[in-house]
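For reference, the structure discussed in these notes is given below.
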Amino acid sequence: LRINQTEESTKKTVRSSKTSFDDRDTYNKLEQVVDRMFEKCFDHREHKQALGIAVETRRLDIMERAILTSDNTEDMLQYAFRIIVKLVESARFRNQALSQLVHIYLRLPHPNYIHLCQCLVFLDDPKNVADIIEKLLKQSEDSTVIAYQLAFDLYENTTQQFLQRVVSFLSKSNLYQKLFNINSESATPVATEATESETMEVEESKEPISSSCATNDLSSDEKIVRSRYEHINTILSGEKVIELHLQFLIRNNNADLKVLDKIKADVRHSITHNATVIANGLMHYGTTSDQFLRENLDWLGRAVNWAKFTATATVGVIHRGHEKEALKLMSAYLPKDSGGTGGGSMYTEGGGLLALGLIHANHGGAKMTEYLLQQCKDATSE
């Protein structure tokens, strides 16, 4: 009976946020039932149950009490984050609840900045994320390590637009401008929305973060912080992540070419031929090892039309992240006006452009995006 009363009260409490009750006495009695259930939960140290009911009834005050009076505040914060993100359907209330979690984190003597920034990402708040990163960079080496881990997590789990806005806010800070000798008039404009123009501005804002800037007037501590800024920029821009991924995949490439040779020897149909080429691309993803392709050029020459398109595109899969020499690497397969020596069939050229896009996937930058768009506009065949 008590459970049914709680469920009924929960439903009516949610409805009361949209409509007004005619019978206020009934509402007050149901509210008292829920309040008694809260007290029972707290008396029996069932804080997670109290938190769950608080979220269902949209009682942020009880949610905060359940978190702060629990034996493990950090665990409760994580539990609250999970149920808010997964179970709360109202975007408005979800943002209110996440904002409440942010306030609780900031009041803790030693907040978990990784989990705090998870809330800020859901709230689409790059400014506070940038402020936290800057705060950590100015502290001890241990705090700097947390900032680096935070940057890695942001790159892996957020959009390019969000990252660009974080970088933009970092570059607008007074400390940053002092360390890199940037005038406030020439600093990158603050990004408030992820638009195309802002993307171009942020791409340009990455240039000032360079060791070529004057450091003679900086103290030893300021030089350390400046170096940390440079490292954090390489992480947020994706350069360090891509470099580490390449090193790991190249070092741990254990693909067995004998398996491919065996399959190749038994190929009798074009479908199997195409499947073998795709298998080679997947087996050597990101390893830059195109040995199988180079050793079987005549065999690959059997591919026609869309099979040729796919075979060329697999080069991009193999060289994923190998951006520095991408144009040189793909020059034989790109359209003639790109300055390459190639200029084969339209299927080869199309596959070459797709390969170039795969190499720069999620990290192309304005120049490569513009190049690919221009090639698509100038294409003479469909």
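By convention in this document, the chains of the structure tokens carry letters A, B, ... by their order, each chain's residues are numbered from 1, and ligands are numbered from 1 in the order they are shown.
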- Item | Who sits within 9 Å of region 264-272 of chain A, only C-alpha atoms, same chain under 5 positions skipped, as a count of residues only | 6
- Item | Shell of 10 Å around Leu175 (chain A), only C-alpha atoms, local chain residues under 4 positions omitted, as a VMD selection string | chain A and resid 134 138 170 to 171 179 to 181 222 225 to 226
- Those in region 203-277 of chain A with alpha helix (DSSP H) from DSSP, as number ranges by chain: A: 203-205, 220-236, 239-251, 257-265, 270-277
- Spatial neighbours of Asp124 (chain A), 10 Å, only C-alpha atoms, chain gap at least 6 places, as a PyMOL selection string: chain A and resi 95+118+158+162
- Query: Which polymer residues have any atom within 10 Å of an atom of Ile235 (chain A), counting only C-alpha atoms, with same-chain residues fewer than 2 positions away left out, as an MDAnalysis selection string?
  - Reply: chainID A and resid 148:155 229:233 237:243
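Rounded to one decimal, CA of Ala313 (chain A) and CA of Gln161 (chain A) lie 26.7 Å from each other.
Here CA of Ala275 (chain A) stands at a distance of 21.1 Å from CA of Ser345 (chain A).
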Could you pull the residues within 12 Å of Arg251 (chain A), counting only C-alpha atoms, minus those fewer than 5 positions along the same chain, as a CSV table (one decimal) with all heavy atoms, in the first residue's frame?
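File out14.csv, as written:
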chain,number,residue,atom,x,y,z
A,244,LEU,N,49.7,8.9,-31.0
A,244,LEU,CA,49.8,7.8,-30.1
A,244,LEU,C,49.1,6.5,-30.7
A,244,LEU,O,49.5,5.4,-30.6
A,244,LEU,CB,49.2,8.1,-28.8
A,244,LEU,CG,49.9,9.1,-27.9
A,244,LEU,CD1,49.2,9.5,-26.7
A,244,LEU,CD2,51.3,8.6,-27.6
A,245,HIS,N,47.9,6.8,-31.4
A,245,HIS,CA,47.2,5.7,-32.0
A,245,HIS,C,48.1,5.1,-33.1
A,245,HIS,O,48.1,3.8,-33.2
A,245,HIS,CB,45.9,6.2,-32.6
A,245,HIS,CG,44.8,6.4,-31.6
A,245,HIS,ND1,43.6,6.9,-31.9
A,245,HIS,CD2,44.7,6.0,-30.3
A,245,HIS,CE1,42.8,6.9,-30.8
A,245,HIS,NE2,43.5,6.4,-29.8
A,246,LEU,N,48.7,5.9,-33.9
A,246,LEU,CA,49.6,5.4,-35.0
A,246,LEU,C,50.7,4.6,-34.4
A,246,LEU,O,51.0,3.5,-34.9
A,246,LEU,CB,50.1,6.6,-35.8
A,246,LEU,CG,49.2,7.1,-36.9
A,246,LEU,CD1,49.9,8.3,-37.6
A,246,LEU,CD2,48.9,6.0,-38.0
A,284,HIS,N,44.7,-4.2,-41.6
A,284,HIS,CA,45.8,-3.2,-41.4
A,284,HIS,C,45.4,-1.8,-41.1
A,284,HIS,O,46.1,-0.9,-41.4
A,284,HIS,CB,46.7,-3.3,-42.7
A,284,HIS,CG,47.4,-4.6,-43.0
A,284,HIS,ND1,46.8,-5.6,-43.7
A,284,HIS,CD2,48.6,-5.0,-42.5
A,284,HIS,CE1,47.6,-6.6,-43.8
A,284,HIS,NE2,48.7,-6.3,-43.1
A,286,GLY,N,45.0,1.6,-39.9
A,286,GLY,CA,45.9,2.5,-39.2
A,286,GLY,C,47.3,2.1,-39.0
A,286,GLY,O,48.1,2.8,-38.3
A,287,THR,N,47.7,1.0,-39.6
A,287,THR,CA,49.1,0.5,-39.4
A,287,THR,C,50.1,1.1,-40.4
A,287,THR,O,51.3,0.9,-40.3
A,287,THR,CB,49.2,-1.0,-39.5
A,287,THR,OG1,48.7,-1.4,-40.8
A,287,THR,CG2,48.2,-1.6,-38.4
A,288,THR,N,49.6,1.7,-41.5
A,288,THR,CA,50.3,2.3,-42.6
A,288,THR,C,51.0,1.1,-43.4
A,288,THR,O,52.0,1.4,-44.2
A,288,THR,CB,51.3,3.3,-42.2
A,288,THR,OG1,52.4,2.7,-41.4
A,288,THR,CG2,50.7,4.4,-41.4
A,289,SER,N,50.7,-0.1,-43.1
A,289,SER,CA,51.3,-1.2,-43.8
A,289,SER,C,50.5,-1.6,-45.0
A,289,SER,O,49.5,-2.3,-44.9
A,289,SER,CB,51.4,-2.4,-42.8
A,289,SER,OG,52.0,-3.6,-43.5
- Item | Residues within 9 Å of Ser173 (chain A), only C-alpha atoms, excluding chain neighbours under 4 positions, as a PyMOL selection string | chain A and resi 131+134+169+177-178
Okay, now the selection with N, CA and C atoms, as a compact mmCIF listing (two decimals), in the first residue's frame?
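New file again.txt:
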# COMPACT_ATOMS: atom_id res chain seq x y z
N ASP A 131 37.88 26.75 -18.09
CA ASP A 131 38.32 27.31 -16.81
C ASP A 131 38.92 26.23 -15.92
N GLU A 134 42.38 25.26 -17.25
CA GLU A 134 43.37 26.28 -16.91
C GLU A 134 43.73 26.24 -15.43
N PHE A 169 38.07 29.45 -25.84
CA PHE A 169 37.98 30.06 -24.51
C PHE A 169 39.33 30.03 -23.80
N GLN A 177 47.18 34.74 -22.84
CA GLN A 177 47.67 35.87 -23.64
C GLN A 177 49.00 36.40 -23.12
N LYS A 178 49.19 36.32 -21.79
CA LYS A 178 50.46 36.75 -21.22
C LYS A 178 51.58 35.78 -21.59
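Distance annotation: of A:Leu77, A:Leu116, A:Ala97, A:Ala147, the residue with the minimal separation from Arg59 (chain A) is A:Ala97; atom set is only C-alpha atoms.
Within the 8 Å cut-off around Val55 (chain A), using only C-alpha atoms and omitting residues fewer than 5 positions from it on the same chain, the listed residues are Leu60, Met63, Ile84 and Val88 of chain A.
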Would you output that residue set with N, CA and C atoms, as a PDB file, in the first residue's frame?
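Produced file part-v5.pdb, reproduced below:
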ATOM      1  N   LEU A  60      14.894  18.607  -6.234  1.00  0.00           N
ATOM      2  CA  LEU A  60      16.335  18.796  -6.277  1.00  0.00           C
ATOM      3  C   LEU A  60      16.928  18.995  -4.893  1.00  0.00           C
ATOM      4  N   MET A  63      17.419  15.576  -3.554  1.00  0.00           N
ATOM      5  CA  MET A  63      18.514  14.943  -4.288  1.00  0.00           C
ATOM      6  C   MET A  63      19.859  15.404  -3.721  1.00  0.00           C
ATOM      7  N   ILE A  84      20.069  10.419 -14.082  1.00  0.00           N
ATOM      8  CA  ILE A  84      19.585  11.656 -14.702  1.00  0.00           C
ATOM      9  C   ILE A  84      19.725  11.576 -16.219  1.00  0.00           C
ATOM     10  N   VAL A  88      15.757  10.563 -17.127  1.00  0.00           N
ATOM     11  CA  VAL A  88      15.001  11.824 -17.170  1.00  0.00           C
ATOM     12  C   VAL A  88      14.731  12.200 -18.620  1.00  0.00           C
TER      13      VAL A  88
END
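The space separating CA of Asp43 (chain A) from CA of Gln78 (chain A) comes to 22.2 Å.
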- Query: Which is closest to Ser227 (chain A) among A:Val304, A:Leu98, A:Leu297, A:Tyr176, if we use only C-alpha atoms?
  - Reply: A:Tyr176
